[in-house]
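Chemist: Below is the file protein31.txt, which contains compact mmCIF, C-alpha atoms and all ligand atoms.
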# COMPACT_ATOMS: atom_id res chain seq x y z
CA PRO B 670 72.31 75.98 173.33
CA VAL B 671 69.96 74.69 176.05
CA ASP B 672 67.81 72.40 173.92
CA CYS B 673 70.39 71.75 171.20
CA PRO B 674 70.09 68.08 170.17
CA SER B 675 73.21 65.95 170.51
CA ILE B 676 73.13 64.96 166.83
CA LEU B 677 72.93 67.67 164.16
CA ASN B 678 72.04 66.73 160.59
CA PHE B 679 73.19 68.98 157.77
CA SER B 680 73.14 68.79 153.99
CA ILE B 681 75.62 70.31 151.58
CA TYR B 682 75.97 70.34 147.78
CA LYS B 683 77.57 67.06 146.70
CA ASP B 684 80.58 68.53 144.85
CA LEU B 685 81.70 70.70 147.75
CA ARG B 686 84.66 69.21 149.54
CA ILE B 687 84.78 69.55 153.31
CA GLU B 688 88.30 70.17 154.55
CA SER B 689 87.40 70.27 158.23
CA ILE B 690 84.68 70.96 160.74
CA THR B 691 85.86 72.34 164.05
CA SER B 692 84.04 73.45 167.17
CA THR B 693 84.40 74.97 170.60
CA SER B 694 82.77 71.79 171.86
CA SER B 695 84.01 68.25 171.42
CA ILE B 696 82.48 66.82 168.22
CA GLU B 697 82.67 63.93 165.80
CA TYR B 698 81.44 64.22 162.23
CA GLN B 699 80.66 62.03 159.30
CA ILE B 700 80.19 63.06 155.66
CA GLY B 701 77.91 60.96 153.49
CA ASP B 702 79.33 59.74 150.18
CA THR B 703 75.98 59.36 148.40
CA VAL B 704 73.39 61.89 147.29
CA ASP B 705 70.82 62.47 149.98
CA HIS B 706 67.11 62.26 149.05
CA TRP B 707 65.45 63.54 152.20
CA SER B 708 63.61 66.38 150.42
CA PRO B 709 62.22 66.41 146.86
CA PHE B 710 63.30 70.06 146.55
CA ILE B 711 66.82 69.78 147.86
CA THR B 712 68.75 68.01 145.13
CA ASP B 713 72.32 66.89 144.69
CA ALA B 714 73.16 67.20 148.39
CA LYS B 715 75.09 64.89 150.65
CA SER B 716 74.70 64.58 154.39
CA ILE B 717 76.89 65.77 157.24
CA THR B 718 76.17 64.30 160.65
CA ILE B 719 77.72 66.00 163.65
CA THR B 720 77.65 64.35 167.05
CA LEU B 721 78.19 66.62 170.05
CA LYS B 722 80.03 64.67 172.70
CA ASP B 723 79.69 66.82 175.80
CA HIS B 724 77.66 69.83 174.72
CA ARG B 725 74.64 69.10 176.89
CA LYS B 726 76.82 69.19 179.97
CA THR B 727 78.42 72.55 179.18
CA GLY B 728 75.25 74.37 178.12
CA LYS B 729 77.40 77.01 176.41
CA PRO B 730 76.68 78.45 172.97
CA LEU B 731 77.97 76.15 170.26
CA THR B 732 80.30 77.33 167.51
CA LEU B 733 80.79 75.19 164.42
CA VAL B 734 83.33 76.18 161.78
CA PHE B 735 83.01 74.55 158.36
CA ASP B 736 85.97 74.81 156.03
CA TYR B 737 84.96 73.71 152.55
CA GLU B 738 85.46 74.48 148.87
CA GLY B 739 84.33 73.46 145.43
CA CYS B 740 82.16 74.36 142.48
CA ILE B 741 78.39 74.29 142.02
CA HIS B 742 77.15 73.24 138.59
CA VAL B 743 73.73 73.52 137.01
CA THR B 744 71.51 70.96 138.66
CA SER B 745 69.73 68.84 136.12
CA LYS B 746 66.31 68.75 137.70
CA TYR B 747 65.34 72.33 138.51
CA GLU B 748 67.92 74.67 136.94
CA VAL B 749 67.61 76.76 140.08
CA ASN B 750 71.20 76.59 141.23
CA ARG B 751 73.86 77.55 138.80
CA ILE B 752 76.87 79.66 138.21
CA THR B 753 77.17 80.86 134.62
CA LYS B 754 78.60 84.04 133.14
CA GLU B 755 75.25 85.79 132.72
CA TRP B 756 73.33 84.39 135.66
CA ILE B 757 74.30 83.25 139.14
CA GLU B 758 71.65 81.82 141.42
CA ILE B 759 72.52 79.67 144.41
CA GLY B 760 70.46 78.82 147.46
CA LEU B 761 69.13 75.97 149.52
CA TYR B 762 67.90 73.80 146.61
CA ALA B 763 71.50 72.73 146.12
CA PRO B 764 72.81 73.97 149.45
CA TRP B 765 76.07 75.84 148.93
CA TYR B 766 76.26 76.30 152.70
CA PRO B 767 75.75 73.66 155.43
CA LEU B 768 71.95 73.51 155.61
CA LEU B 769 70.47 72.27 158.87
CA LYS B 770 67.83 69.71 157.98
CA SER B 771 65.57 70.98 160.75
CA PHE B 772 65.46 74.34 158.89
CA VAL B 773 66.18 76.44 161.94
CA PRO B 774 66.04 80.07 160.73
CA ALA B 775 69.26 82.04 160.98
CA THR B 776 70.72 85.33 159.80
CA PHE B 777 73.50 84.94 157.24
CA ASP B 778 76.42 87.33 156.70
CA VAL B 779 78.18 86.71 153.42
CA ILE B 780 81.14 88.31 151.68
CA ILE B 781 81.16 87.76 147.93
CA HIS B 782 84.11 88.39 145.62
CA LEU B 783 82.77 89.11 142.17
CA ASP B 784 83.71 91.31 139.24
CA SER B 785 82.35 94.84 139.74
CA ALA B 786 80.39 94.63 136.49
CA TYR B 787 77.93 92.42 138.39
CA GLN B 788 75.11 93.39 140.68
CA VAL B 789 74.24 91.13 143.61
CA ILE B 790 70.65 91.16 144.84
CA ASN B 791 70.21 92.37 148.43
CA ALA B 792 73.97 92.86 148.84
CA LYS B 793 75.96 96.07 149.00
CA ARG B 794 79.22 96.66 147.20
CA SER B 795 81.68 97.43 149.98
CA GLU B 796 84.73 97.95 147.78
CA GLU B 797 85.93 97.15 144.28
CA GLY B 798 84.89 93.57 143.55
CA ILE B 799 83.59 92.83 147.04
CA PHE B 800 79.91 92.59 147.96
CA GLU B 801 78.46 92.09 151.43
CA ALA B 802 75.07 90.63 152.30
CA HIS B 803 73.81 90.91 155.86
CA GLN B 804 70.43 89.43 156.67
CA THR B 805 68.52 91.07 159.51
CA ILE B 806 65.49 88.77 159.65
CA PRO B 807 66.20 85.10 160.47
CA GLN B 808 65.40 82.83 157.56
CA ILE B 809 66.07 79.31 156.33
CA ASP B 810 67.86 80.24 153.13
CA CYS B 811 70.78 82.30 151.94
CA PRO B 812 70.11 82.89 148.25
CA ILE B 813 72.76 84.69 146.23
CA ILE B 814 71.59 86.03 142.90
CA ALA B 815 73.84 88.02 140.61
CA SER B 816 74.07 89.11 136.99
CA ASP B 817 76.00 91.57 134.87
CA GLN B 818 72.86 92.28 132.84
CA PHE B 819 70.35 93.48 135.39
CA ARG B 820 67.82 96.15 134.50
CA LEU B 821 65.87 97.71 137.31
CA CYS B 822 62.44 99.13 137.94
CA ASN B 823 62.21 100.88 141.30
CA ILE B 824 59.06 101.52 143.31
CA ASP B 825 59.25 103.80 146.33
CA TYR B 826 56.27 103.68 148.58
CA GLN B 827 56.54 105.44 151.92
CA ASN B 828 59.28 103.51 153.72
CA ALA B 829 59.22 100.50 151.41
CA GLU B 830 61.55 100.38 148.46
CA VAL B 831 60.66 97.61 146.04
CA LYS B 832 63.17 96.81 143.32
CA VAL B 833 62.09 94.71 140.35
CA TYR B 834 65.12 93.18 138.57
CA TYR B 835 65.08 91.61 135.11
CA THR B 836 67.69 90.77 132.53
CA GLN B 837 65.97 90.96 129.16
CA ASP B 838 63.67 93.44 127.43
CA GLU B 839 61.32 90.66 126.47
CA TYR B 840 60.28 90.51 130.17
CA ARG B 841 59.00 94.12 130.09
CA HIS B 842 55.39 92.96 130.14
CA GLU B 843 55.98 90.89 133.30
CA VAL B 844 57.76 93.84 134.89
CA GLU B 845 54.77 96.09 134.26
CA VAL B 846 52.31 93.57 135.72
CA ILE B 847 54.50 93.06 138.80
CA CYS B 848 54.98 96.80 139.37
CA SER B 849 51.26 97.45 139.18
CA CYS B 850 50.62 94.58 141.66
CA VAL B 851 53.23 95.96 144.07
CA GLU B 852 51.68 99.43 143.96
CA SER B 853 48.15 98.29 144.60
CA VAL B 854 49.21 95.80 147.31
CA LEU B 855 51.17 98.47 149.18
CA SER B 856 48.36 100.98 148.92
CA SER B 857 45.91 98.50 150.35
CA TYR B 858 48.24 97.79 153.32
CA GLU B 859 48.62 101.48 154.08
CA ALA B 860 45.74 101.18 156.55
CA PHE B 861 47.89 98.93 158.80
CA GLY B 862 50.20 101.83 159.64
CA LYS B 863 53.76 102.85 158.90
CA ILE B 864 56.58 100.32 158.49
CA GLN B 865 60.28 100.55 159.19
CA SER B 866 62.39 101.33 156.20
CA ARG B 867 62.87 98.15 154.15
CA VAL B 868 64.20 97.12 150.76
CA PHE B 869 62.42 94.29 149.03
CA SER B 870 63.51 92.71 145.74
CA VAL B 871 61.51 90.95 143.05
CA VAL B 872 63.66 89.10 140.53
CA ILE B 873 62.56 87.73 137.18
CA ALA B 874 64.92 84.79 136.67
CA PRO B 875 65.91 84.15 133.03
CA ARG B 876 65.06 80.47 133.08
CA THR B 877 62.02 78.40 132.15
CA ASN B 878 62.54 75.59 134.61
CA GLY B 879 62.69 75.53 138.39
CA GLY B 880 59.87 77.89 139.30
CA GLY B 881 59.80 80.70 141.82
CA TYR B 882 60.27 81.05 145.54
CA CYS B 883 59.92 83.61 148.29
CA ARG B 884 62.21 84.62 151.10
CA SER B 885 61.84 87.36 153.68
CA ASP B 886 63.08 90.17 151.46
CA LEU B 887 63.00 88.51 148.08
CA ILE B 888 60.62 87.03 145.54
CA VAL B 889 61.99 85.12 142.57
CA VAL B 890 59.65 84.41 139.65
CA THR B 891 60.18 82.83 136.26
CA PRO B 892 58.66 84.51 133.20
CA ASP B 893 55.37 82.91 132.25
CA GLU B 894 53.06 84.41 129.63
CA GLU B 895 50.19 82.27 130.92
CA ARG B 896 50.34 83.57 134.48
CA ASN B 897 47.64 86.14 135.05
CA GLU B 898 47.66 89.24 137.16
CA ALA B 899 45.75 87.65 140.06
CA ASP B 900 48.37 84.87 140.34
CA TYR B 901 51.19 87.42 140.55
CA PHE B 902 49.13 89.49 142.92
CA ARG B 903 48.60 86.74 145.51
CA PHE B 904 52.23 85.64 145.34
CA ILE B 905 53.48 89.19 145.88
CA ALA B 906 50.78 90.25 148.35
CA HIS B 907 51.66 87.56 150.91
CA GLU B 908 55.36 88.39 150.90
CA LEU B 909 54.88 92.15 151.00
CA ALA B 910 52.48 91.71 153.94
CA HIS B 911 55.48 90.48 155.93
CA LEU B 912 56.79 94.06 155.85
CA TRP B 913 54.03 94.55 158.46
CA TRP B 914 53.87 91.06 159.98
CA HIS B 915 57.28 89.65 160.83
CA GLU B 916 58.06 90.43 164.46
CA ALA B 917 56.67 87.30 166.16
CA PRO B 918 58.95 84.28 166.78
CA THR B 919 59.16 82.07 163.68
CA THR B 920 60.13 78.82 165.38
CA SER B 921 56.98 78.30 167.46
CA TRP B 922 53.22 78.37 166.88
CA GLU B 923 53.38 82.12 167.57
CA ASP B 924 54.51 82.26 163.94
CA TRP B 925 50.79 82.37 163.10
CA LEU B 926 51.06 86.09 164.01
CA ASN B 927 53.37 86.38 160.98
CA GLU B 928 52.07 83.81 158.51
CA SER B 929 48.29 83.81 159.06
CA PHE B 930 48.23 87.60 159.29
CA ALA B 931 50.30 87.93 156.10
CA GLU B 932 48.09 85.46 154.26
CA TYR B 933 44.86 87.10 155.39
CA SER B 934 46.21 90.57 154.56
CA ALA B 935 46.93 89.22 151.06
CA LEU B 936 43.36 87.96 150.77
CA MET B 937 42.02 91.34 151.88
CA ALA B 938 44.15 93.06 149.23
CA LEU B 939 42.95 90.52 146.67
CA ARG B 940 39.33 91.29 147.60
CA GLN B 941 39.94 95.01 147.27
CA LYS B 942 41.53 94.65 143.84
CA PHE B 943 39.63 91.78 142.22
CA GLY B 944 36.33 91.71 144.12
CA GLN B 945 34.43 89.57 146.59
CA GLN B 946 34.02 86.48 144.36
CA ILE B 947 37.70 85.50 144.11
CA PHE B 948 38.07 86.20 147.86
CA LEU B 949 35.14 83.94 148.76
CA GLU B 950 36.45 81.15 146.54
CA ARG B 951 39.69 81.19 148.51
CA ILE B 952 37.80 81.24 151.86
CA ILE B 953 35.80 78.19 150.76
CA GLU B 954 39.04 76.44 149.79
CA CYS B 955 40.55 77.28 153.20
CA THR B 956 37.43 75.94 154.94
CA LYS B 957 37.83 72.59 153.18
CA LEU B 958 41.55 72.42 153.94
CA ALA B 959 41.10 73.42 157.60
CA LYS B 960 38.80 70.50 158.46
CA GLY B 961 40.20 68.39 161.27
CA LEU B 962 43.45 70.36 161.58
CA PRO B 963 45.12 70.68 165.00
CA PRO B 964 44.60 73.87 167.05
CA ILE B 965 46.92 76.83 166.52
CA ILE B 966 47.68 77.20 170.22
CA GLY B 967 50.42 74.73 171.12
CA LEU B 968 51.05 73.62 167.51
CA SER B 969 54.55 72.31 166.94
CA ARG B 970 56.22 74.32 164.17
CA ASN B 971 57.63 70.98 162.97
CA ASP B 972 54.18 69.38 162.79
CA GLU B 973 53.59 68.02 159.28
CA LYS B 974 50.32 70.01 159.20
CA ALA B 975 51.92 73.24 160.44
CA HIS B 976 51.97 74.84 156.99
CA THR B 977 48.29 74.34 156.28
CA VAL B 978 47.35 75.33 159.86
CA LEU B 979 49.15 78.66 159.50
CA TYR B 980 48.25 79.38 155.85
CA ASP B 981 44.70 78.03 155.63
CA LYS B 982 43.23 77.69 159.11
CA GLY B 983 44.76 80.88 160.58
CA PRO B 984 43.37 83.16 157.84
CA LEU B 985 39.98 81.53 158.32
CA ILE B 986 40.03 82.47 162.01
CA LEU B 987 40.89 86.05 161.08
CA ASN B 988 38.04 86.01 158.59
CA GLN B 989 35.65 84.94 161.38
CA LEU B 990 36.97 87.73 163.55
CA GLU B 991 36.47 90.24 160.74
CA LYS B 992 32.91 89.05 160.13
CA SER B 993 32.16 89.29 163.82
CA ILE B 994 33.39 92.85 164.42
CA GLY B 995 32.94 94.30 160.92
CA ARG B 996 35.46 95.17 158.23
CA LYS B 997 36.17 98.73 159.32
CA GLU B 998 36.69 97.78 162.95
CA PHE B 999 38.87 94.83 161.88
CA ILE B 1000 41.21 97.09 159.87
CA ARG B 1001 41.42 99.44 162.85
CA LEU B 1002 42.31 96.44 165.04
CA LEU B 1003 45.05 95.32 162.61
CA HIS B 1004 46.45 98.84 162.73
CA THR B 1005 46.60 98.73 166.54
CA ILE B 1006 48.19 95.24 166.52
CA HIS B 1007 50.87 96.44 164.11
CA VAL B 1008 51.56 99.75 165.85
CA GLN B 1009 51.77 98.06 169.28
CA LYS B 1010 54.22 95.49 167.86
CA VAL B 1011 52.25 92.49 169.08
CA THR B 1012 54.60 89.49 169.11
CA SER B 1013 52.69 87.05 171.29
CA THR B 1014 49.18 85.67 171.23
CA GLN B 1015 48.73 86.67 174.88
CA LYS B 1016 49.38 90.30 173.97
CA LEU B 1017 47.09 89.95 170.94
CA LEU B 1018 44.25 88.75 173.17
CA ASP B 1019 44.81 91.72 175.51
CA VAL B 1020 44.64 94.10 172.56
CA VAL B 1021 41.50 92.42 171.23
CA ALA B 1022 39.82 92.68 174.65
CA GLN B 1023 40.81 96.31 174.95
CA GLU B 1024 39.86 97.35 171.41
CA THR B 1025 36.68 95.26 171.09
CA ASN B 1026 35.17 93.41 174.06
CA ALA B 1027 35.60 90.38 176.33
CA LYS B 1028 33.17 88.30 174.26
CA THR B 1029 35.22 88.78 171.07
CA LYS B 1030 38.38 87.89 172.92
CA GLN B 1031 36.73 84.70 174.20
CA MET B 1032 35.58 83.81 170.69
CA LEU B 1033 39.13 84.21 169.40
CA VAL B 1034 40.53 82.05 172.21
CA SER B 1035 38.12 79.23 171.44
CA MET B 1036 38.89 79.40 167.70
CA LEU B 1037 42.61 79.23 168.43
CA ARG B 1038 42.05 76.22 170.65
CA SER B 1039 39.56 74.45 168.43
CA LYS B 1040 40.34 71.31 166.51
CA ARG B 1041 37.75 71.89 163.80
CA ASP B 1042 36.24 74.88 162.07
ZN ZN B 1101 54.94 84.07 154.74
Please express the file's structure as structure tokens.
Modeler:
Amino acid sequence: PVDCPSILNFSIYKDLRIESITSTSSIEYQIGDTVDHWSPFITDAKSITITLKDHRKTGKPLTLVFDYEGCIHVTSKYEVNRITKEWIEIGLYAPWYPLLKSFVPATFDVIIHLDSAYQVINAKRSEEGIFEAHQTIPQIDCPIIASDQFRLCNIDYQNAEVKVYYTQDEYRHEVEVICSCVESVLSSYEAFGKIQSRVFSVVIAPRTNGGGYCRSDLIVVTPDEERNEADYFRFIAHELAHLWWHEAPTTSWEDWLNESFAEYSALMALRQKFGQQIFLERIIECTKLAKGLPPIIGLSRNDEKAHTVLYDKGPLILNQLEKSIGRKEFIRLLHTIHVQKVTSTQKLLDVVAQETNAKTKQMLVSMLRSKRD
């Protein structure tokens, strides 16, 4: 509420009809009548612009109520969003909910009325024909995936429960590859310590177009005979690493404690499973990409380079740290960072000083401040 801008830009799927938008604050709104092209991934959406007239003066939390209805069809370009009898998949690519263009993460609570023959991913059936989905980790998307033909392969590993969903027997091979990746990824992360109980879903979508995506408790992949085990492994390893690395704020540069740690954990698991060569190739790639990038400390999460800073430069810094203190010591340090629930870089630096020495802490500070690597 304090730094809420006075103009809020949303997108919503073009065929959804807005009946009204109301608020506790005085607002004006405008709904675009053309398809919005602000993102190549978000298709078939129109804009909603809300102007807050006196919100800055009140400083109170803002409530916006959107009343809208309509039907989402298959989108021509990606096939990702559709409602058909066998397969329902809707999310931000054709936003069925008012999507803030600044992608501020939020937790979504959704009640879904759907025939009880269906299963809805990451939602619980609360009564006959009613499913409820309650997100606990803030995220930018609210995907709803449902089918009446789901088959399930369940992997229980300590507190993590990974469910692999598929709809056709011809995807059995993919299921086996994914399950074996999940098992070896989780066993390689065991050294980071215990996690809270979490359910994580991997879904094989029965479509050839539109590709896959990851959310905090969900990976969606499309079947692809060409994709090899290492490709699946990296995709899955990063997302599963967030079971350990997700407590830092996601809207500031402190998000490197989530993203860079998840990405480097994935690379460590990759090294353990597939050997040093493939690991080093990725490190070399990161080194090239990290040239000239802004420092992590103070980085704006909206910076156009933020993604590559967190996914390429951050892991490189962790690699330097690992090389400096040794692999065994580094894993011990990660364990301490996880167990002590480090959610700020200041706390991380304290832990590093305490677990290693002042010189290592200083080295980390200068890498986090440095413009080049
Ligand atoms: Zn991530």
Chemist: Within 10 Å of ligand ZN 1101 (chain B) (counting only C-alpha atoms and all ligand atoms), which residues show up? I'd like them as a PDB file with C-alpha atoms, keeping the file's coordinate frame.
Modeler:
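After the write, pocket33.pdb holds the following:
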ATOM      1  CA  CYS B 883      59.920  83.610 148.290  1.00  0.00           C
ATOM      2  CA  ARG B 884      62.210  84.620 151.100  1.00  0.00           C
ATOM      3  CA  SER B 885      61.840  87.360 153.680  1.00  0.00           C
ATOM      4  CA  PHE B 904      52.230  85.640 145.340  1.00  0.00           C
ATOM      5  CA  ALA B 906      50.780  90.250 148.350  1.00  0.00           C
ATOM      6  CA  HIS B 907      51.660  87.560 150.910  1.00  0.00           C
ATOM      7  CA  GLU B 908      55.360  88.390 150.900  1.00  0.00           C
ATOM      8  CA  LEU B 909      54.880  92.150 151.000  1.00  0.00           C
ATOM      9  CA  ALA B 910      52.480  91.710 153.940  1.00  0.00           C
ATOM     10  CA  HIS B 911      55.480  90.480 155.930  1.00  0.00           C
ATOM     11  CA  TRP B 914      53.870  91.060 159.980  1.00  0.00           C
ATOM     12  CA  HIS B 915      57.280  89.650 160.830  1.00  0.00           C
ATOM     13  CA  ASP B 924      54.510  82.260 163.940  1.00  0.00           C
ATOM     14  CA  TRP B 925      50.790  82.370 163.100  1.00  0.00           C
ATOM     15  CA  ASN B 927      53.370  86.380 160.980  1.00  0.00           C
ATOM     16  CA  GLU B 928      52.070  83.810 158.510  1.00  0.00           C
ATOM     17  CA  SER B 929      48.290  83.810 159.060  1.00  0.00           C
ATOM     18  CA  PHE B 930      48.230  87.600 159.290  1.00  0.00           C
ATOM     19  CA  ALA B 931      50.300  87.930 156.100  1.00  0.00           C
ATOM     20  CA  GLU B 932      48.090  85.460 154.260  1.00  0.00           C
ATOM     21  CA  HIS B 976      51.970  74.840 156.990  1.00  0.00           C
ATOM     22  CA  LEU B 979      49.150  78.660 159.500  1.00  0.00           C
ATOM     23  CA  TYR B 980      48.250  79.380 155.850  1.00  0.00           C
TER      24      TYR B 980
END
Chemist: Choose the residue, out of B:Phe735, B:Phe999, B:Phe819, B:Tyr762, that has the smallest atom-to-atom separation from Tyr834 in chain B; count all atoms listed in the file.
Modeler: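 The answer is B:Phe819, which sits nearest to Tyr834 in chain B.
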Chemist: Mind giving me the straight-line distance from CA of Trp913 in chain B to CA of Val872 in chain B in Å, one decimal?
Modeler: 21.1 Å
Chemist: Of the residues B:Arg686, B:Lys997, B:His782, B:His706, which is the one nearest to Gly739 in chain B, using all atoms listed in the file?
Modeler: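 The closest residue to Gly739 in chain B is B:Arg686.
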Chemist: CA of Val1021 in chain B and CA of Thr1005 in chain B, how far apart in Å?
Modeler: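 Result for CA of Thr1005 in chain B versus CA of Val1021 in chain B: 9.4 Å, one decimal.
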Chemist: For the atom pair CA of Leu768 in chain B and CA of Thr718 in chain B, what is the interatomic distance in Å to one decimal place?
Modeler: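 If I compute the distance from CA of Leu768 in chain B to CA of Thr718 in chain B, I get 11.3 Å.
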Chemist: Place a sphere of radius 7 Å on (83.1, 70.0, 144.0) in the file coordinates and name every protein, DNA or RNA residue with an atom inside or on its surface, counting all atoms listed in the file; give the answer as JSON, numbers by chain.
Modeler: {"B": [683, 684, 685, 686, 739, 740, 741]}
Chemist: I need the residue nearest Gln804 in chain B from this list: B:Ile676, B:Ala1022, B:Ala775, B:Ile1006. Use only C-alpha atoms for the distance.
Modeler: B:Ala775
Chemist: With distances taken over only C-alpha atoms, which residue among B:Lys770, B:His803, B:His724, B:Arg751 lies nearest Phe679 in chain B?
Modeler: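 With only C-alpha atoms as the atom set, the closest residue is B:Lys770.
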Chemist: Select, from B:Glu839, B:Glu916, B:Asp893, B:Glu830, the residue with the minimum atom-to-atom distance to Ser866 in chain B, counting only C-alpha atoms.
Modeler: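 Counting only C-alpha atoms, the residue closest to Ser866 in chain B is B:Glu830.
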